[in-house]
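J.: Pasting in a structure now, in structure tokens, and then I'll have a few things to ask.
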Amino acid sequence: MKLKVITSNPGKVAEYQKSFDGLGIEMEHLKHPYDEVQSSDLEEVVHKGMDELISAGIRNFIVDDSGLFVDSLKGFPGVWSAYAQKTIGNPGILKLMDGVQDRGAEFRCCIGCDIEGERIVVTGVCRGTITESESGHGGFGFDPIFTHDGERTFAEIPLDEKNSVSHRGNAIKLLIEEMKGKGLV
Ligand code: IMP
């Protein structure tokens, strides 16, 4: 069967395809704008997006929403991660964290999947810390200021390693488990 990955980012389609290779599901890219409602909760953003897509007659699809949640900033930038990245960027986050001892943070990724009339929504998490300065040239977004092992940032590790520990990687594992549990794959 085929699932449409609804995103403006073709890199995500390849990542889903890689994870679903061998499970008999083919991913296809669909660019279909939908409202990302203002909410402080990733799951609510995903559920509302799914409602809108289903009302538009779209079926058998995947949407996701992710963000960086910093403990000492009470979860900021969270659901506003894309906006924060575009405006204050990594230097702005580091500035907000200047002198802050508690550097705990987590990436979260919520995936919503509509498949054969079933709705599956899962959230994957990757805990780590915010570094004191930017480091590394790989990845994107907050990768240069986030470390999951306290040694290397996400911008300094190979993509395969990042995918095996990341919030999106963990969410995809949960999604596959749920699909297997429901006999869908
Ligand atoms: P999206 O919902 O996956 O598009 O992610 C929203 C924003 O969160 C992105 O614009 C990035 O700023 C940030 N983000 C999400 N995932 C990652 C990641 O794996 N590394 C770095 N930044 C990320």
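By convention here, the chains of the structure tokens are called A, B, ... in the order presented, each chain's residues are numbered starting at 1, and ligands are numbered starting at 1 in the order presented.
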What do you get as number ranges by chain if you pick all residues at most 6 Å from ligand 1, counting only C-alpha atoms and all ligand atoms?
T.: A: 65-67, 81-82, 85, 140-143
J.: Check which residues of stretch 6-93 of chain A sit at most 12 Å from stretch 112-136 of chain A using only C-alpha atoms, and return one row each with the closest pair of atoms and their distance in Å to one decimal, ordered by chain and rising number, as a Markdown table.
T.:
```
| residue | atom | partner | partner_atom | distance |
| --- | --- | --- | --- | --- |
| A:Ile6 | CA | A:Cys113 | CA | 10.3 |
| A:Tyr16 | CA | A:Cys113 | CA | 11.9 |
| A:Ile25 | CA | A:Ile115 | CA | 10.9 |
| A:Asp41 | CA | A:Thr123 | CA | 11.2 |
| A:Leu42 | CA | A:Thr123 | CA | 8.7 |
| A:Glu43 | CA | A:Val121 | CA | 7.5 |
| A:Glu44 | CA | A:Val121 | CA | 10.2 |
| A:Val45 | CA | A:Gly112 | CA | 9.9 |
| A:Val46 | CA | A:Gly112 | CA | 6.1 |
| A:His47 | CA | A:Gly112 | CA | 7.2 |
| A:Lys48 | CA | A:Gly112 | CA | 10.1 |
| A:Gly49 | CA | A:Gly112 | CA | 8.9 |
| A:Met50 | CA | A:Gly112 | CA | 7.2 |
| A:Asp51 | CA | A:Asp114 | CA | 10.1 |
| A:Leu53 | CA | A:Asp114 | CA | 9.8 |
| A:Ile54 | CA | A:Asp114 | CA | 8.6 |
| A:Gly57 | CA | A:Asp114 | CA | 11.7 |
| A:Ile58 | CA | A:Asp114 | CA | 9.2 |
| A:Arg59 | CA | A:Asp114 | CA | 6.3 |
| A:Asn60 | CA | A:Ile115 | CA | 4.5 |
| A:Phe61 | CA | A:Asp114 | CA | 5.3 |
| A:Ile62 | CA | A:Cys113 | CA | 4.5 |
| A:Val63 | CA | A:Gly112 | CA | 5.3 |
| A:Asp64 | CA | A:Gly112 | CA | 6.0 |
| A:Asp65 | CA | A:Gly112 | CA | 8.8 |
| A:Ser66 | CA | A:Thr123 | CA | 9.2 |
| A:Gly67 | CA | A:Val125 | CA | 10.0 |
| A:Leu68 | CA | A:Cys126 | CA | 9.6 |
| A:Phe69 | CA | A:Arg127 | CA | 9.5 |
| A:Val70 | CA | A:Ile130 | CA | 8.0 |
| A:Asp71 | CA | A:Thr129 | CA | 9.4 |
| A:Ser72 | CA | A:Ile130 | CA | 10.5 |
| A:Leu73 | CA | A:Ile130 | CA | 11.5 |
| A:Gly89 | CA | A:Glu134 | CA | 11.0 |
| A:Asn90 | CA | A:Glu134 | CA | 7.5 |
| A:Pro91 | CA | A:Glu134 | CA | 8.0 |
| A:Gly92 | CA | A:Ser133 | CA | 11.2 |
| A:Ile93 | CA | A:Ile130 | CA | 9.1 |
```
J.: Between atom CA of A:Leu3 and atom CA of A:Glu28, what distance in Å does the model show, to one decimal?
T.: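 Taking atom CA of A:Leu3 and atom CA of A:Glu28, their separation equals 6.2 Å.
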J.: Find the residue from A:Lys180, A:Lys74, A:His29, A:Lys18 that sits nearest to A:Lys2; use only C-alpha atoms when measuring.
T.: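 Among the listed residues, the smallest separation from A:Lys2 belongs to A:His29.
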J.: For atom CA of A:Gly181 and atom CA of A:Ala56, quote the distance in Å rounded to one decimal.
T.: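 Atom CA of A:Gly181 sits 28.3 Å away from atom CA of A:Ala56.
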J.: A:Val79, A:Met27, A:Leu174, A:Ala14: which is nearest A:Ser39, counting only C-alpha atoms?
T.: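 Looking at the shortest contact to A:Ser39, the residue is A:Val79.
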J.: Any chance you could list, as a short mmCIF file (atom, residue, chain, number, x, y, z; two decimals) with N, CA, C and O atoms, in the first residue's frame, the residues in stretch 13-177 of chain A that come up helix (DSSP H, G or I) when DSSP is run on the backbone?
T.:
```
data_model
loop_
_atom_site.label_atom_id
_atom_site.label_comp_id
_atom_site.auth_asym_id
_atom_site.auth_seq_id
_atom_site.Cartn_x
_atom_site.Cartn_y
_atom_site.Cartn_z
N VAL A 13 10.42 12.51 3.54
CA VAL A 13 9.83 11.40 2.77
C VAL A 13 10.85 10.27 2.66
O VAL A 13 10.54 9.10 2.87
N ALA A 14 12.10 10.65 2.38
CA ALA A 14 13.17 9.65 2.25
C ALA A 14 13.38 8.93 3.58
O ALA A 14 13.59 7.71 3.62
N GLU A 15 13.30 9.68 4.69
CA GLU A 15 13.51 9.07 6.01
C GLU A 15 12.40 8.06 6.31
O GLU A 15 12.66 6.96 6.79
N TYR A 16 11.14 8.43 6.00
CA TYR A 16 10.04 7.49 6.22
C TYR A 16 10.20 6.26 5.32
O TYR A 16 10.02 5.14 5.77
N GLN A 17 10.58 6.51 4.05
CA GLN A 17 10.70 5.39 3.12
C GLN A 17 11.73 4.38 3.62
O GLN A 17 11.51 3.18 3.60
N LYS A 18 12.86 4.93 4.11
CA LYS A 18 13.94 4.07 4.60
C LYS A 18 13.44 3.18 5.75
O LYS A 18 13.71 1.98 5.80
N SER A 19 12.66 3.77 6.66
CA SER A 19 12.17 3.01 7.82
C SER A 19 11.11 1.99 7.42
O SER A 19 10.94 0.99 8.11
N PHE A 20 10.36 2.27 6.35
CA PHE A 20 9.26 1.37 5.97
C PHE A 20 9.65 0.40 4.86
O PHE A 20 8.83 -0.41 4.45
N LEU A 42 1.92 19.66 20.70
CA LEU A 42 2.20 19.10 19.37
C LEU A 42 1.07 18.17 18.92
O LEU A 42 0.70 18.17 17.75
N GLU A 43 0.55 17.35 19.87
CA GLU A 43 -0.47 16.37 19.47
C GLU A 43 -1.74 17.06 18.99
O GLU A 43 -2.39 16.60 18.05
N GLU A 44 -2.06 18.20 19.63
CA GLU A 44 -3.26 18.92 19.20
C GLU A 44 -3.06 19.47 17.79
O GLU A 44 -3.97 19.42 16.96
N VAL A 45 -1.85 19.98 17.52
CA VAL A 45 -1.54 20.50 16.18
C VAL A 45 -1.75 19.39 15.15
O VAL A 45 -2.37 19.58 14.11
N VAL A 46 -1.24 18.19 15.48
CA VAL A 46 -1.32 17.06 14.55
C VAL A 46 -2.78 16.60 14.35
O VAL A 46 -3.23 16.41 13.22
N HIS A 47 -3.53 16.46 15.47
CA HIS A 47 -4.94 16.03 15.35
C HIS A 47 -5.74 17.01 14.49
O HIS A 47 -6.51 16.60 13.61
N LYS A 48 -5.55 18.32 14.73
CA LYS A 48 -6.32 19.32 13.96
C LYS A 48 -5.92 19.27 12.49
O LYS A 48 -6.76 19.38 11.60
N GLY A 49 -4.61 19.11 12.22
CA GLY A 49 -4.15 19.00 10.83
C GLY A 49 -4.77 17.80 10.15
O GLY A 49 -5.22 17.87 9.00
N MET A 50 -4.85 16.67 10.88
CA MET A 50 -5.44 15.45 10.31
C MET A 50 -6.93 15.65 10.02
O MET A 50 -7.42 15.24 8.96
N ASP A 51 -7.64 16.31 10.96
CA ASP A 51 -9.08 16.58 10.74
C ASP A 51 -9.27 17.35 9.44
O ASP A 51 -10.16 17.04 8.65
N GLU A 52 -8.41 18.37 9.26
CA GLU A 52 -8.55 19.23 8.08
C GLU A 52 -8.28 18.44 6.79
O GLU A 52 -9.02 18.57 5.81
N LEU A 53 -7.25 17.60 6.81
CA LEU A 53 -6.90 16.83 5.61
C LEU A 53 -8.00 15.82 5.28
O LEU A 53 -8.37 15.62 4.13
N ILE A 54 -8.56 15.18 6.34
CA ILE A 54 -9.63 14.20 6.12
C ILE A 54 -10.87 14.90 5.56
O ILE A 54 -11.51 14.41 4.64
N SER A 55 -11.16 16.11 6.08
CA SER A 55 -12.30 16.87 5.55
C SER A 55 -12.09 17.22 4.08
O SER A 55 -13.05 17.36 3.33
N ASP A 71 13.94 22.78 29.11
CA ASP A 71 13.38 22.73 30.48
C ASP A 71 13.36 24.11 31.15
O ASP A 71 12.33 24.56 31.64
N SER A 72 14.53 24.77 31.15
CA SER A 72 14.63 26.02 31.92
C SER A 72 13.87 27.17 31.26
O SER A 72 13.64 28.21 31.89
N LEU A 73 13.47 26.98 30.00
CA LEU A 73 12.67 28.01 29.31
C LEU A 73 11.19 27.61 29.29
O LEU A 73 10.42 28.08 28.47
N GLY A 78 9.51 24.92 21.72
CA GLY A 78 8.39 23.99 21.57
C GLY A 78 7.69 24.08 20.22
O GLY A 78 8.33 23.99 19.17
N VAL A 79 6.37 24.30 20.27
CA VAL A 79 5.60 24.31 19.02
C VAL A 79 5.95 25.53 18.14
O VAL A 79 5.57 25.60 16.98
N TRP A 80 6.69 26.48 18.72
CA TRP A 80 7.11 27.66 17.94
C TRP A 80 8.56 27.50 17.45
O TRP A 80 9.22 28.48 17.13
N SER A 81 9.05 26.27 17.38
CA SER A 81 10.46 26.02 17.02
C SER A 81 10.84 26.57 15.65
O SER A 81 11.90 27.18 15.48
N ALA A 82 9.98 26.34 14.66
CA ALA A 82 10.33 26.79 13.30
C ALA A 82 10.44 28.32 13.29
O ALA A 82 11.38 28.89 12.72
N TYR A 83 9.50 28.97 13.98
CA TYR A 83 9.51 30.44 14.04
C TYR A 83 10.75 30.94 14.80
O TYR A 83 11.44 31.87 14.35
N ALA A 84 11.05 30.30 15.92
CA ALA A 84 12.22 30.71 16.73
C ALA A 84 13.51 30.51 15.93
O ALA A 84 14.43 31.34 15.98
N GLN A 85 13.56 29.40 15.18
CA GLN A 85 14.76 29.12 14.37
C GLN A 85 14.94 30.22 13.32
O GLN A 85 16.04 30.67 13.08
N LYS A 86 13.83 30.66 12.71
CA LYS A 86 13.89 31.68 11.65
C LYS A 86 14.22 33.06 12.22
O LYS A 86 14.80 33.89 11.54
N THR A 87 13.82 33.34 13.45
CA THR A 87 13.97 34.69 13.99
C THR A 87 15.23 34.81 14.87
O THR A 87 16.22 35.36 14.44
N GLY A 89 17.13 32.27 16.03
CA GLY A 89 18.14 31.26 15.67
C GLY A 89 18.86 30.66 16.87
O GLY A 89 18.48 30.89 18.03
N ASN A 90 19.90 29.88 16.58
CA ASN A 90 20.65 29.24 17.67
C ASN A 90 21.34 30.26 18.57
O ASN A 90 21.36 30.07 19.80
N PRO A 91 21.90 31.36 18.02
CA PRO A 91 22.52 32.35 18.90
C PRO A 91 21.52 32.92 19.91
O PRO A 91 21.86 33.17 21.07
N GLY A 92 20.27 33.09 19.46
CA GLY A 92 19.24 33.63 20.36
C GLY A 92 18.92 32.67 21.49
O GLY A 92 18.72 33.07 22.64
N ILE A 93 18.85 31.36 21.18
CA ILE A 93 18.56 30.37 22.23
C ILE A 93 19.73 30.35 23.22
O ILE A 93 19.54 30.36 24.45
N LEU A 94 20.97 30.37 22.69
CA LEU A 94 22.14 30.35 23.58
C LEU A 94 22.16 31.58 24.48
O LEU A 94 22.51 31.51 25.65
N LYS A 95 21.73 32.72 23.93
CA LYS A 95 21.70 33.95 24.71
C LYS A 95 20.68 33.84 25.85
O LYS A 95 20.94 34.24 26.99
N LEU A 96 19.51 33.26 25.55
CA LEU A 96 18.49 33.08 26.59
C LEU A 96 18.99 32.15 27.69
O LEU A 96 18.54 32.22 28.83
N ASP A 143 20.32 21.41 15.59
CA ASP A 143 21.33 20.35 15.73
C ASP A 143 22.66 20.82 16.32
O ASP A 143 23.24 20.12 17.16
N PRO A 144 23.19 22.00 15.91
CA PRO A 144 24.51 22.40 16.44
C PRO A 144 24.53 22.75 17.93
O PRO A 144 25.61 22.93 18.51
N ILE A 145 23.35 22.88 18.58
CA ILE A 145 23.36 23.24 20.01
C ILE A 145 22.73 22.17 20.89
O ILE A 145 22.49 22.38 22.07
N LEU A 159 24.29 10.87 10.07
CA LEU A 159 22.82 10.89 10.00
C LEU A 159 22.20 9.58 10.47
O LEU A 159 21.18 9.57 11.17
N ASP A 160 22.82 8.45 10.12
CA ASP A 160 22.28 7.15 10.54
C ASP A 160 22.22 7.04 12.06
O ASP A 160 21.27 6.50 12.62
N GLU A 161 23.28 7.57 12.71
CA GLU A 161 23.31 7.53 14.18
C GLU A 161 22.23 8.45 14.74
O GLU A 161 21.51 8.09 15.67
N LYS A 162 22.09 9.64 14.14
CA LYS A 162 21.04 10.57 14.61
C LYS A 162 19.66 9.92 14.47
O LYS A 162 18.88 9.93 15.41
N ASN A 163 19.41 9.30 13.31
CA ASN A 163 18.10 8.69 13.09
C ASN A 163 17.81 7.56 14.08
O ASN A 163 16.66 7.32 14.43
N SER A 164 18.85 6.88 14.54
CA SER A 164 18.61 5.75 15.45
C SER A 164 18.29 6.20 16.88
O SER A 164 17.75 5.42 17.65
N VAL A 165 18.60 7.45 17.22
CA VAL A 165 18.30 7.92 18.59
C VAL A 165 17.34 9.10 18.62
O VAL A 165 16.87 9.51 19.69
N HIS A 167 14.22 11.93 18.06
CA HIS A 167 12.78 12.01 18.32
C HIS A 167 11.98 11.45 17.16
O HIS A 167 11.04 10.69 17.35
N ARG A 168 12.36 11.79 15.90
CA ARG A 168 11.59 11.28 14.76
C ARG A 168 11.82 9.78 14.61
O ARG A 168 10.87 9.03 14.37
N GLY A 169 13.08 9.33 14.79
CA GLY A 169 13.38 7.90 14.72
C GLY A 169 12.56 7.14 15.76
O GLY A 169 11.97 6.10 15.46
N ASN A 170 12.49 7.68 16.99
CA ASN A 170 11.73 7.00 18.06
C ASN A 170 10.23 7.00 17.76
O ASN A 170 9.53 6.03 18.03
N ALA A 171 9.75 8.11 17.18
CA ALA A 171 8.32 8.18 16.84
C ALA A 171 8.00 7.16 15.74
O ALA A 171 6.96 6.50 15.78
N ILE A 172 8.90 7.03 14.76
CA ILE A 172 8.67 6.07 13.68
C ILE A 172 8.63 4.64 14.24
O ILE A 172 7.78 3.83 13.86
N LYS A 173 9.53 4.34 15.20
CA LYS A 173 9.52 2.99 15.82
C LYS A 173 8.17 2.74 16.49
O LYS A 173 7.59 1.66 16.37
N LEU A 174 7.66 3.75 17.23
CA LEU A 174 6.36 3.60 17.91
C LEU A 174 5.23 3.40 16.90
O LEU A 174 4.33 2.59 17.11
N LEU A 175 5.32 4.15 15.79
CA LEU A 175 4.28 4.04 14.75
C LEU A 175 4.26 2.62 14.16
O LEU A 175 3.19 2.01 14.01
N ILE A 176 5.46 2.09 13.87
CA ILE A 176 5.53 0.74 13.28
C ILE A 176 4.99 -0.29 14.28
O ILE A 176 4.25 -1.20 13.90
N GLU A 177 5.33 -0.13 15.57
CA GLU A 177 4.80 -1.06 16.60
C GLU A 177 3.28 -1.05 16.60
O GLU A 177 2.63 -2.09 16.65
#
```
J.: Rounded to one decimal, what separation in Å do you get between atom CA of A:Gly138 and atom CA of A:Glu156?
T.: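 It comes out at 6.1 Å.
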J.: Let me make sure I understand: among A:Ala105, A:Met97, A:Leu23, A:Ile157, which one has the smallest atom-to-atom distance to A:Leu184 if we use only C-alpha atoms?
T.: A:Leu23
